[in-house]
Amino acid sequence: MTNKKNKNQDGLSGNWKKLAPKSSRKPASRAAFRKRLLGITKVFALIVVLCLVGIVVQFFQERSQPNSGPLDITGSGMPVSKLMFVSDGVLHKNWFQNWFGPLRNRTLMDLDIEKIQKELKKESQISFARVSRQFPSTLKIELKEKKPILRLCLRSKTKGEQTWLVSSDGSLYLGTCYSNASLVHLPFLNIEPSLLTPNPEGKGYAKLEGITAVAPLMELARREYPGFYQNWKIISYQRPHDSDPGAHIHIKSGKVRNLRFAPQGFAAQLRRLKYLLMESDFRRTPVIESIDLSHDRSVFAKLNPS
Amino acid sequence: MSKIIGAVEIGTSKAKALIGEVAENGSLNVVGMASRPNEGMRKGEIVDFRKAAAAVHSALEDAEKMSGTTVDEVYLAQTGSHLKGHMLRGSASVASSDNRVDVADLQRAAEEAKRRKPDDGRTYVHHVRTPILLDGRIVQDPVGMFGSKVDLGYWSIDGDDQAIKQALHVISNYSLEVKDLILSSIASSTMMAGPDLRRAGTLVIDMGAGVTDFALYRQGFVACTGVIPVGGDHVTGDLSMGLRVLEPYAEKLKIEHGKAISDPMDEGEDVWIIGNKTIGDRSIPRKAITDVIHVRIAELFEILSKELEGLLDPDELKGGILLTGGASLLPGVEQIASKILGFTARRASFPTGIDSELAQPENATVLGLLHYGLEDHGLPGRKKEEVEAGFLGKFRKMVGLGAQS
């Protein structure tokens with residue numbers, strides 16, 4: 001075939017090629033429609049074939065390359081040279097190092113911080129944990145610990161007597177790193193053995209539901225009435241979440257051997273107790289047998305032990 | 001590797017499509033051909049685009065099916081009374097110091113010749129080169145010869161923009177490109193008049209249904225072309241009017257009993273319009289049919305004679321007159337042509353080697369399109385450039401790679 005520019009035509013004269021329509025949108029006949037459809041089908045088929053060829057080539061390329069596993073895009077990093085440990089409780093850096101093991105010769109990128117964080121949260125004394133990398137070589141540990149409000153002595157045949165700590169949410173845990181001085185002032189908890197149930201998630205015991213009702217009283221007394229609080233020895237309770245007259249919190253203390261609180265309105269009850277003990281009769285009496293503050297505005301007190 | 005080329009003639013009575021395969025040795029094999037009745041044309045011009053397009057597209061589709069392949073470009077025949085021919089001449093001085101003619105000299109002369117622009121609303125459709133004169137002498141190829149001035153001319157045919165656009169639109173609507181527009185008369189002349197006849201000088205008259213195209217050759221080159229808006233359909237119309245019969249019956253009478261010149265043997269003989277002698281059928285004297293046809297055919301050649309007045313020189317027309325086209329099949333046409341034009345006229349015959357089914361006078365144009373398209377009509381010394389066929393060639397064309405002349 002000859003070239004597109006025809007030998008019989010010349011640009012210096014009028015050229016019929018300029019009259020040729022660029023495109024014709026609507027086919028004027030069925031034959032033209034079929035021709036266009038065939039053309040579109042051919043183009044589509046060509047694209048499909050090219051795509052299939054591409055997929056096949058890629059498939060064989062991938063098969064021919066050895067599987068090298070996940071790509072290491074982070075690099076090896078530097079060895080951990082510093083441990084930054086922040087806690088609002090008694091746990092400290094040494095505890096973590098004992099708990100985790102040696103960090104020597106381990107780089108930041110070697111450490112699976114997600115796993116460490118998860119394992120820390122499993123510890124019963126820890127309520128919140130965050131582990132992060134601070135490049136180039138610092139591992140940062142941030143913890144929030146549970147605060148003990150009571151102690152619970154349990155005796156078992158295998159482990160003997162163990163002192164468990166009770167936090168304000170009712171969790172029971174064997175405290176670590178606590179000094180004796182910090183625990184000695186905590187009252188003991190006395191509860192029915194039936195209320196202790198094993199922890200469904202594993203070792204230890206399930207949360208004590210009644211503690212959440214007792215905790216505000218303990219917190220208020222410790223903060224506002226430390227004179228009373230320091231004498232409180234043993235705490236027990238009966239259905240503290242119920243509103244019936246039988247629900248109460250029972251405290252054995254030094255001067256008042258038996259204190260009985262209703263499970264709500266602690267501030268008013270403690271105020272009444274304070275005024276009551278300021279009475280001369282109560283002041284003069286060294287040991288008071290019982291004071292029952294659980295009856296709304298009435299207080300029942302028994303001065304002499306009989 | 002063989003190449004596929006196509007040709008389309010949008011005729012007044014039929015649309016024809018031809019697909020040819022050009023072998024490596026240059027031989028052309030026709031691998032597909034189809035024709036469809038065309039009701040969208042009058043006197044060689046499109047009057048109903050959708051009907052014309054439907055006929056052309058169906059013919060192209062059938063031809064593609066027959067050939068088992070598809071074409072991307074076609075040669076398109078151009079006819080119609082809107083086409084006008086002019087002789088454009090240009091000259092150039094030989095630029096080299098040794099007065100040796102170079103291709104660039106011819107190129108300058110060609111540019112000079114084609115400098116004239118057609119009138120507003122008209123566009124050149126075909127430039128046909130005439131003999132090259134080197135210092136006034138006719139030469140075949142002046143490149144390398146000594147001389148001082150080169151003259152060359154073009155027989156340039158321009159046409160109405162709207163008519164050309166319509167024809168181009170028919171082809172583009174079938175998602176094809178027009179490779180070249182070729183004048184119908186030149187296409188049919190290429191087919192029917194060989195190089196010897198053209199050198200001797202000949203007038204080729206292609207009598208179509210709507211128009212009659214003619215091309216006059218002198219010394220192997222086109223001297224004049226034209227289109228007369230009279231064709232076989234006018235004869236049919238005359239028969240219908242003159243004999244008061246419906247056009248289909250008039251067409252039947254023309255084909256079966258028509259003669260352009262009266263025959264004494266026909267005196268007193270009648271023919272039946274329908275032929276089965278049922279109600280509505282009636283007989284018509286054969287002489288009446290001949291008389292009607294004769295008048296129209298004689299008028300046609302008289303118009304032609306006026307058109308060619310002064311150009312019909314016996315010394316320049318030794319090849320005589322060749323008649324082709326569907327209407328030339330009427331018996332007696334050649335006698336009328338000879339009588340009116342004053343030169344021996346004969347029905348043109350196809351070159352040997354063409355299948356008898358194809359070698360019909362009405363196929364002269366569409367067959368000639370392919371032959372003319374394959375020939376090199378460029379200036380001497382200029383290499384005929386080829387484009388790559390096949391997928392690579394199409395891709396290069398699509399992205400605009402490859403040499404452009």
# chains A, B, ... in the order shown; residues from 1 in each chain; ligands from 1
>>> select_by_dssp(residues="range 39-285 of chain A", states="strand (DSSP E)", output="JSON, numbers by chain")
{"A": [82, 83, 84, 85, 86, 87, 126, 127, 128, 129, 130, 131, 132, 133, 134, 138, 139, 140, 141, 142, 143, 144, 145, 148, 149, 150, 151, 152, 153, 154, 155, 156, 160, 161, 162, 163, 164, 165, 166, 167, 172, 173, 188, 189, 232, 233, 234, 235, 236, 237, 238, 248, 249, 250, 251, 252, 253, 256, 257, 258, 259, 260, 261]}
>>> residues_around(residues="range 49-64 of chain B", least_positions_apart="3", cutoff="6 Å", atoms="only C-alpha atoms", output="VMD selection string")
(chain A and resid 28 to 29 31) or (chain B and resid 15 17 32 to 36 38 40 67 to 70 170)
>>> select_by_dssp(residues="range 110-235 of chain B", states="alpha helix (DSSP H)", output="PyMOL selection string")
chain B and resi 110-113+161-172+184-192+195-200+232-235
>>> residues_around(residues="range 95-103 of chain A", least_positions_apart="6", cutoff="9 Å", atoms="only C-alpha atoms", output="mmCIF file with N, CA and C atoms, in the first residue's frame")
data_model
loop_
_atom_site.group_PDB
_atom_site.id
_atom_site.type_symbol
_atom_site.label_atom_id
_atom_site.label_comp_id
_atom_site.auth_asym_id
_atom_site.auth_seq_id
_atom_site.Cartn_x
_atom_site.Cartn_y
_atom_site.Cartn_z
ATOM 1 N N PRO A 79 20.921 -2.016 70.118
ATOM 2 C CA PRO A 79 20.594 -2.726 71.370
ATOM 3 C C PRO A 79 19.955 -1.766 72.377
ATOM 4 N N VAL A 80 19.084 -2.326 73.227
ATOM 5 C CA VAL A 80 18.413 -1.485 74.227
ATOM 6 C C VAL A 80 19.439 -1.071 75.275
ATOM 7 N N SER A 81 19.653 0.225 75.398
ATOM 8 C CA SER A 81 20.651 0.702 76.353
ATOM 9 C C SER A 81 20.007 1.350 77.579
ATOM 10 N N PHE A 85 11.153 3.382 83.210
ATOM 11 C CA PHE A 85 10.059 2.704 83.886
ATOM 12 C C PHE A 85 9.265 3.721 84.690
ATOM 13 N N ILE A 116 4.679 -7.869 75.163
ATOM 14 C CA ILE A 116 5.095 -7.481 76.523
ATOM 15 C C ILE A 116 3.941 -6.746 77.220
ATOM 16 N N ILE A 141 8.360 1.831 79.706
ATOM 17 C CA ILE A 141 7.269 1.056 80.298
ATOM 18 C C ILE A 141 6.459 2.012 81.174
ATOM 19 N N THR A 176 3.118 -7.425 95.339
ATOM 20 C CA THR A 176 4.568 -7.519 95.152
ATOM 21 C C THR A 176 5.174 -6.150 95.427
ATOM 22 N N CYS A 177 6.322 -6.153 96.016
ATOM 23 C CA CYS A 177 7.107 -4.945 96.249
ATOM 24 C C CYS A 177 6.497 -4.010 97.307
#
>>> residues_around(residues="Arg239 in chain A", least_positions_apart="6", cutoff="9 Å", atoms="only C-alpha atoms", output="compact mmCIF listing (two decimals) with N, CA and C atoms, in the first residue's frame")
# COMPACT_ATOMS: atom_id res chain seq x y z
N GLY A 210 -18.95 -7.19 96.57
CA GLY A 210 -19.35 -6.28 97.64
C GLY A 210 -18.35 -5.19 97.94
N GLY A 246 -31.48 -5.21 106.39
CA GLY A 246 -30.45 -6.14 106.84
C GLY A 246 -29.10 -5.92 106.23
N ALA A 247 -29.04 -5.16 105.14
CA ALA A 247 -27.76 -4.94 104.48
C ALA A 247 -26.92 -4.00 105.34
N HIS A 248 -25.67 -4.39 105.54
CA HIS A 248 -24.83 -3.54 106.40
C HIS A 248 -23.35 -3.87 106.19
N ILE A 249 -22.52 -2.96 106.75
CA ILE A 249 -21.07 -3.19 106.80
C ILE A 249 -20.69 -3.21 108.28
N PRO A 263 -25.04 0.56 104.00
CA PRO A 263 -24.16 0.62 102.81
C PRO A 263 -24.29 1.89 101.97
>>> atom_distance(atom1="CA of Ser294 in chain A", atom2="CA of Arg260 in chain A")
6.1 Å
>>> closest_residue(among="A:Gly204, A:Pro240, A:Gly227, A:Pro27", to="chain B", atoms="only C-alpha atoms")
A:Pro27
>>> atom_distance(atom1="CA of Lys255 in chain A", atom2="CA of Thr285 in chain A")
8.9 Å
